[in-house]
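Undergrad: Structure in structure tokens, see below.
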Amino acid sequence: PRSTLSSSSAASDVYKRQTPNIDRLATEGLTYTRGYVTTAICSPSLATMLTGLYPHQHGITGNDPVRGQDRADWIEPFFKKPQLPKQLADAGYLTLQTGKYWMKHPSRVGFTDDMGSTGRHGGQALSIGRKSMDPIYDFMDKAKQEQKPFFVWYAPFLPHTPHNPPERLLKKYAAVKNPRKAKYLAMIEWLDETCGELMGQLKKKGVADNTLVIYLADNLSLIHISEPTRRTPISY
């Protein structure tokens, strides 16, 4: 089985944040210090994760088509490219899409299970992590019952805007003077919590030792409180 985790942005060490679960993944696993994503916005980067191709190869070079071009026409050639979910499904895997995904219905790239059709960013699937992790846990139970390997695409809208962390987490950063920064730090910890919960469920269901977990960010948001957000390719 394989579970993959991806996030909309990664935390800068400039700010003190609490990420014990993500830190544990780094210390107990392999950290690719020279790895990087090739684009600084999410849709092309996610498309690269799905295909293994550079943006100029898979054709998704931005979040949106150029002005005047129909979105459906623009993304249609993308579905003719090799798709990781389809390749895994063809090999007997059950594959689940949750969270961020820009390419209409997830079944178009071979996901066997999903949280519904998507548009920009995603659709109902964006509730994963923020409201519940149950769709993932139910899917893992299904795969275990059917005795099939599984692939989970966990791409939560965290710590992406809206920055509305639970009050219990925001209180932990009460000493941070800038309220925007405090909310962002709490959002990062919220993401970390969900990663810890997912790792815990893998152990609880008895599949942790046979599951490959990949954590990466699709792009980096460098938050400068006095400046507009700047995005650059990120090493992780």
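By convention here, the chains of the structure tokens are called A, B, ... in the order presented, each chain's residues are numbered starting at 1, and ligands are numbered starting at 1 in the order presented.
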Quick one: everything within 8 Å of Trp102 in chain A, counting only C-alpha atoms, minus sequence neighbours fewer than 4 positions away in the same chain. Send it as a PyMOL selection string.
TA: chain A and resi 43+118-122
Undergrad: Using backbone DSSP assignments, extract all alpha helix (DSSP H) residues from range 66-180 of chain A; output them as a PyMOL selection string.
TA: chain A and resi 71-75+84-90+134-145+167-170+179-180
Undergrad: Could you state the separation of CA of Pro20 in chain A and CA of Glu167 in chain A in Å, given to one decimal place?
TA: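 Computing it gives 19.3 Å between the two atoms.
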Undergrad: Per DSSP on the backbone, what are the strand (DSSP E) residues of chain A, as a VMD selection string?
TA: chain A and resid 2 to 7 94 to 99 150 to 155 212 to 217 220 to 222 230 to 232
Undergrad: Determine, counting only C-alpha atoms, which protein, DNA and RNA residues have an atom within 10 Å of an atom of Leu170 in chain A; residues of the same chain fewer than 4 positions away are not included. Present the result as a VMD selection string.
TA: chain A and resid 164 to 166 174 176 179 182 to 187 189 to 190
Undergrad: Using the selection just defined, write its residues with C-alpha atoms as a short mmCIF file (atom, residue, chain, number, x, y, z; two decimals), in the first residue's frame.
TA:
data_model
loop_
_atom_site.label_atom_id
_atom_site.label_comp_id
_atom_site.auth_asym_id
_atom_site.auth_seq_id
_atom_site.Cartn_x
_atom_site.Cartn_y
_atom_site.Cartn_z
CA ASN A 164 -9.57 29.86 10.33
CA PRO A 165 -7.82 27.50 12.73
CA PRO A 166 -9.59 25.96 15.72
CA ALA A 174 -1.47 34.22 21.73
CA VAL A 176 2.51 36.28 18.64
CA PRO A 179 -2.68 38.20 14.34
CA ALA A 182 -0.57 33.73 14.69
CA LYS A 183 -3.36 32.32 12.53
CA TYR A 184 -0.89 31.00 9.98
CA LEU A 185 1.16 29.24 12.65
CA ALA A 186 -2.01 27.67 14.03
CA MET A 187 -2.98 26.52 10.54
CA GLU A 189 -0.12 22.99 13.45
CA TRP A 190 -3.61 21.98 12.30
#
Undergrad: Taking 4 positions as the minimum chain separation for residues in the same chain, which residues sit within 12 Å of range 198-209 of chain A when counting only C-alpha atoms? Answer as a short mmCIF file (atom, residue, chain, number, x, y, z; two decimals) with N, CA, C and O atoms, in the first residue's frame.
TA:
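Saved the output as selection_0.cif:
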data_model
loop_
_atom_site.label_atom_id
_atom_site.label_comp_id
_atom_site.auth_asym_id
_atom_site.auth_seq_id
_atom_site.Cartn_x
_atom_site.Cartn_y
_atom_site.Cartn_z
N PRO A 1 0.82 -1.21 0.00
CA PRO A 1 0.00 0.00 0.00
C PRO A 1 0.86 1.26 0.00
O PRO A 1 1.97 1.25 0.49
N ARG A 2 0.32 2.31 -0.52
CA ARG A 2 1.03 3.59 -0.51
C ARG A 2 0.07 4.70 -0.12
O ARG A 2 -1.07 4.75 -0.56
N SER A 3 0.53 5.60 0.71
CA SER A 3 -0.23 6.79 1.05
C SER A 3 0.63 7.99 0.74
O SER A 3 1.80 8.02 1.12
N THR A 4 0.10 8.96 0.04
CA THR A 4 0.87 10.15 -0.28
C THR A 4 0.20 11.36 0.33
O THR A 4 -1.01 11.50 0.29
N LEU A 5 1.00 12.24 0.93
CA LEU A 5 0.49 13.45 1.54
C LEU A 5 1.06 14.64 0.80
O LEU A 5 2.27 14.71 0.58
N ASN A 21 4.57 15.91 14.29
CA ASN A 21 4.29 14.74 13.45
C ASN A 21 5.04 14.80 12.12
O ASN A 21 5.60 13.79 11.67
N ILE A 22 5.06 15.97 11.51
CA ILE A 22 5.83 16.14 10.27
C ILE A 22 7.32 16.00 10.56
O ILE A 22 8.06 15.39 9.78
N ARG A 24 8.61 14.17 12.81
CA ARG A 24 8.88 12.74 13.02
C ARG A 24 9.01 12.02 11.69
O ARG A 24 9.87 11.12 11.54
N LEU A 25 8.20 12.39 10.73
CA LEU A 25 8.34 11.80 9.39
C LEU A 25 9.74 12.05 8.84
O LEU A 25 10.36 11.18 8.22
N ILE A 128 -11.59 17.79 3.46
CA ILE A 128 -10.75 16.79 4.11
C ILE A 128 -9.73 17.49 5.02
O ILE A 128 -9.12 18.48 4.67
N GLY A 129 -9.57 16.97 6.22
CA GLY A 129 -8.65 17.57 7.17
C GLY A 129 -9.26 18.69 7.97
O GLY A 129 -9.09 18.77 9.18
N SER A 132 -13.16 16.57 8.56
CA SER A 132 -13.08 15.17 8.94
C SER A 132 -12.00 14.47 8.11
O SER A 132 -11.67 14.90 7.01
N MET A 133 -11.48 13.39 8.67
CA MET A 133 -10.57 12.50 7.96
C MET A 133 -11.25 11.18 7.63
O MET A 133 -10.63 10.27 7.08
N ASP A 134 -12.51 11.07 7.97
CA ASP A 134 -13.23 9.80 7.84
C ASP A 134 -13.24 9.23 6.43
O ASP A 134 -13.16 8.00 6.27
N PRO A 135 -13.36 10.06 5.36
CA PRO A 135 -13.34 9.46 4.01
C PRO A 135 -12.08 8.62 3.76
O PRO A 135 -12.14 7.59 3.08
N ILE A 136 -10.95 9.05 4.31
CA ILE A 136 -9.71 8.29 4.13
C ILE A 136 -9.75 7.00 4.95
O ILE A 136 -9.40 5.92 4.46
N TYR A 137 -10.21 7.11 6.18
CA TYR A 137 -10.23 5.93 7.04
C TYR A 137 -11.23 4.89 6.54
O TYR A 137 -10.95 3.69 6.58
N ASP A 138 -12.36 5.35 6.04
CA ASP A 138 -13.34 4.42 5.48
C ASP A 138 -12.77 3.73 4.24
O ASP A 138 -13.00 2.53 4.01
N PHE A 139 -12.03 4.49 3.44
CA PHE A 139 -11.41 3.93 2.24
C PHE A 139 -10.37 2.87 2.60
O PHE A 139 -10.31 1.80 1.97
N MET A 140 -9.56 3.14 3.62
CA MET A 140 -8.56 2.16 4.03
C MET A 140 -9.22 0.89 4.54
O MET A 140 -8.74 -0.22 4.29
N ASP A 141 -10.34 1.03 5.23
CA ASP A 141 -11.10 -0.15 5.69
C ASP A 141 -11.60 -0.95 4.49
O ASP A 141 -11.55 -2.19 4.50
N LYS A 142 -12.06 -0.24 3.47
CA LYS A 142 -12.55 -0.90 2.26
C LYS A 142 -11.42 -1.69 1.59
O LYS A 142 -11.62 -2.85 1.19
N ALA A 143 -10.27 -1.05 1.46
CA ALA A 143 -9.13 -1.72 0.81
C ALA A 143 -8.70 -2.94 1.61
O ALA A 143 -8.39 -3.99 1.04
N LYS A 144 -8.70 -2.81 2.93
CA LYS A 144 -8.31 -3.93 3.77
C LYS A 144 -9.31 -5.08 3.65
O LYS A 144 -8.93 -6.25 3.56
N GLN A 145 -10.59 -4.72 3.61
CA GLN A 145 -11.64 -5.74 3.49
C GLN A 145 -11.54 -6.48 2.16
O GLN A 145 -11.74 -7.69 2.08
N GLN A 147 -8.85 -6.76 0.50
CA GLN A 147 -7.49 -7.30 0.41
C GLN A 147 -6.75 -6.76 -0.82
O GLN A 147 -6.12 -7.51 -1.58
N LYS A 148 -6.85 -5.45 -0.99
CA LYS A 148 -6.19 -4.79 -2.11
C LYS A 148 -5.23 -3.73 -1.60
O LYS A 148 -5.47 -3.09 -0.58
N PRO A 149 -4.12 -3.52 -2.30
CA PRO A 149 -3.24 -2.40 -1.95
C PRO A 149 -3.95 -1.08 -2.25
O PRO A 149 -4.88 -1.05 -3.06
N PHE A 150 -3.52 -0.02 -1.60
CA PHE A 150 -4.22 1.25 -1.79
C PHE A 150 -3.26 2.42 -1.95
O PHE A 150 -2.09 2.36 -1.55
N VAL A 152 -3.55 6.68 -1.37
CA VAL A 152 -4.35 7.80 -0.87
C VAL A 152 -3.70 9.11 -1.30
O VAL A 152 -2.52 9.35 -1.01
N TYR A 154 -3.82 12.56 -0.32
CA TYR A 154 -4.27 13.46 0.75
C TYR A 154 -3.66 14.83 0.49
O TYR A 154 -2.49 15.06 0.77
N LEU A 191 -2.53 21.34 10.21
CA LEU A 191 -2.08 20.39 9.20
C LEU A 191 -1.28 19.26 9.85
O LEU A 191 -1.48 18.08 9.54
N ASP A 192 -0.37 19.63 10.73
CA ASP A 192 0.47 18.63 11.39
C ASP A 192 -0.38 17.63 12.17
O ASP A 192 -0.10 16.43 12.16
N GLU A 193 -1.42 18.11 12.84
CA GLU A 193 -2.30 17.22 13.58
C GLU A 193 -2.92 16.16 12.68
O GLU A 193 -2.99 14.99 13.03
N THR A 194 -3.38 16.60 11.50
CA THR A 194 -4.03 15.65 10.60
C THR A 194 -3.04 14.60 10.09
O THR A 194 -3.40 13.44 9.90
N VAL A 213 4.89 6.36 2.84
CA VAL A 213 4.31 7.69 3.03
C VAL A 213 5.25 8.73 2.44
O VAL A 213 6.44 8.77 2.78
N ILE A 214 4.72 9.56 1.57
CA ILE A 214 5.50 10.63 0.95
C ILE A 214 4.90 11.96 1.36
O ILE A 214 3.70 12.20 1.14
N TYR A 215 5.69 12.81 1.96
CA TYR A 215 5.22 14.15 2.34
C TYR A 215 5.97 15.19 1.51
O TYR A 215 7.20 15.20 1.49
#
Undergrad: To one decimal place, how far is CA of Tyr54 in chain A from CA of Phe78 in chain A in Å?
TA: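 According to the coordinates, CA of Tyr54 in chain A and CA of Phe78 in chain A are separated by 12.0 Å.
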Undergrad: Closest to Pro85 in chain A among A:Gly99, A:Gly52, A:Pro44, A:Pro65, using only C-alpha atoms?
TA: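 Looking only at the distances to Pro85 in chain A, the closest residue turns out to be A:Gly52.
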Undergrad: Find the spatial neighbours of Pro77 in chain A, counting only C-alpha atoms, within a cut-off of 10 Å - ignore same-chain residues fewer than 3 positions away - and output them as an MDAnalysis selection string.
TA: chainID A and resid 58:60 72:74 80:81
Undergrad: Which residue is closest to Ile75 in chain A? Choose from A:Val109, A:Met103, A:Ala155, A:Leu94 and count only C-alpha atoms.
TA: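 Of A:Val109, A:Met103, A:Ala155, A:Leu94, the one nearest Ile75 in chain A is A:Met103, counting only C-alpha atoms.
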Undergrad: Can you pull out every residue within 12 Å of Lys86 in chain A, counting only C-alpha atoms, but drop anything in the same chain fewer than 6 positions away, and send it as an mmCIF file with N, CA, C and O atoms, in the first residue's frame?
TA:
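The new file out04.cif reads:
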data_model
loop_
_atom_site.group_PDB
_atom_site.id
_atom_site.type_symbol
_atom_site.label_atom_id
_atom_site.label_comp_id
_atom_site.auth_asym_id
_atom_site.auth_seq_id
_atom_site.Cartn_x
_atom_site.Cartn_y
_atom_site.Cartn_z
ATOM 1 N N LEU A 50 0.930 14.015 -10.544
ATOM 2 C CA LEU A 50 0.069 12.994 -11.138
ATOM 3 C C LEU A 50 0.725 12.301 -12.328
ATOM 4 O O LEU A 50 0.497 11.108 -12.561
ATOM 5 N N THR A 51 1.528 13.032 -13.090
ATOM 6 C CA THR A 51 2.057 12.505 -14.352
ATOM 7 C C THR A 51 3.545 12.189 -14.337
ATOM 8 O O THR A 51 4.022 11.411 -15.173
ATOM 9 N N PHE A 79 -5.479 14.674 -20.035
ATOM 10 C CA PHE A 79 -5.958 13.341 -19.696
ATOM 11 C C PHE A 79 -5.347 12.250 -20.578
ATOM 12 O O PHE A 79 -5.472 11.065 -20.280
ATOM 13 N N LYS A 80 -4.668 12.662 -21.649
ATOM 14 C CA LYS A 80 -4.009 11.693 -22.506
ATOM 15 C C LYS A 80 -2.602 11.357 -22.024
ATOM 16 O O LYS A 80 -1.953 10.472 -22.583
ATOM 17 N N GLY A 92 -3.992 -3.091 -9.866
ATOM 18 C CA GLY A 92 -4.797 -3.718 -8.828
ATOM 19 C C GLY A 92 -5.015 -2.906 -7.578
ATOM 20 O O GLY A 92 -5.648 -3.372 -6.625
ATOM 21 N N TYR A 93 -4.526 -1.671 -7.563
ATOM 22 C CA TYR A 93 -4.706 -0.805 -6.401
ATOM 23 C C TYR A 93 -6.096 -0.169 -6.382
ATOM 24 O O TYR A 93 -6.685 0.105 -7.441
ATOM 25 N N LEU A 94 -6.598 0.103 -5.176
ATOM 26 C CA LEU A 94 -7.671 1.056 -4.997
ATOM 27 C C LEU A 94 -7.018 2.414 -4.769
ATOM 28 O O LEU A 94 -6.026 2.520 -4.040
ATOM 29 N N THR A 95 -7.543 3.456 -5.413
ATOM 30 C CA THR A 95 -6.910 4.773 -5.346
ATOM 31 C C THR A 95 -7.941 5.817 -4.959
ATOM 32 O O THR A 95 -9.015 5.899 -5.554
ATOM 33 N N LEU A 96 -7.611 6.628 -3.959
ATOM 34 C CA LEU A 96 -8.557 7.614 -3.422
ATOM 35 C C LEU A 96 -8.043 9.028 -3.611
ATOM 36 O O LEU A 96 -6.891 9.334 -3.274
ATOM 37 N N GLN A 97 -8.902 9.897 -4.126
ATOM 38 C CA GLN A 97 -8.603 11.325 -4.224
ATOM 39 C C GLN A 97 -9.322 12.075 -3.113
ATOM 40 O O GLN A 97 -10.525 11.926 -2.915
ATOM 41 N N PRO A 106 -12.211 13.220 -10.551
ATOM 42 C CA PRO A 106 -10.981 12.445 -10.323
ATOM 43 C C PRO A 106 -10.896 11.138 -11.106
ATOM 44 O O PRO A 106 -9.795 10.639 -11.355
ATOM 45 N N SER A 107 -12.023 10.594 -11.504
ATOM 46 C CA SER A 107 -11.988 9.347 -12.275
ATOM 47 C C SER A 107 -11.314 9.543 -13.631
ATOM 48 O O SER A 107 -10.846 8.566 -14.237
ATOM 49 N N ARG A 108 -11.218 10.793 -14.097
ATOM 50 C CA ARG A 108 -10.601 11.051 -15.395
ATOM 51 C C ARG A 108 -9.121 10.667 -15.410
ATOM 52 O O ARG A 108 -8.557 10.400 -16.470
ATOM 53 N N VAL A 109 -8.476 10.684 -14.235
ATOM 54 C CA VAL A 109 -7.060 10.298 -14.190
ATOM 55 C C VAL A 109 -6.876 8.935 -13.520
ATOM 56 O O VAL A 109 -5.747 8.537 -13.228
ATOM 57 N N GLY A 110 -7.985 8.232 -13.283
ATOM 58 C CA GLY A 110 -7.870 6.858 -12.820
ATOM 59 C C GLY A 110 -8.141 6.597 -11.359
ATOM 60 O O GLY A 110 -7.964 5.462 -10.898
ATOM 61 N N PHE A 111 -8.574 7.618 -10.596
ATOM 62 C CA PHE A 111 -8.918 7.350 -9.205
ATOM 63 C C PHE A 111 -10.149 6.443 -9.168
ATOM 64 O O PHE A 111 -11.161 6.711 -9.827
ATOM 65 N N THR A 112 -10.074 5.381 -8.379
ATOM 66 C CA THR A 112 -11.211 4.474 -8.243
ATOM 67 C C THR A 112 -12.230 4.994 -7.240
ATOM 68 O O THR A 112 -13.404 4.638 -7.293
ATOM 69 N N ASP A 113 -11.782 5.829 -6.303
ATOM 70 C CA ASP A 113 -12.635 6.389 -5.262
ATOM 71 C C ASP A 113 -12.319 7.878 -5.126
ATOM 72 O O ASP A 113 -11.180 8.297 -5.352
ATOM 73 N N PHE A 151 -3.789 3.467 -2.552
ATOM 74 C CA PHE A 151 -3.077 4.737 -2.735
ATOM 75 C C PHE A 151 -4.019 5.851 -2.285
ATOM 76 O O PHE A 151 -5.158 5.926 -2.764
#
Undergrad: Just give me the gap between CA of Thr19 in chain A and CA of Leu169 in chain A in Å, one decimal is fine.
TA: 12.2 Å
Undergrad: Can you pull out every residue within 12 Å of Tyr32 in chain A, counting only C-alpha atoms, but drop anything in the same chain fewer than 2 positions away, and send it as an MDAnalysis selection string?
TA: chainID A and resid 25:27 29:30 34:37 214:216 234:236
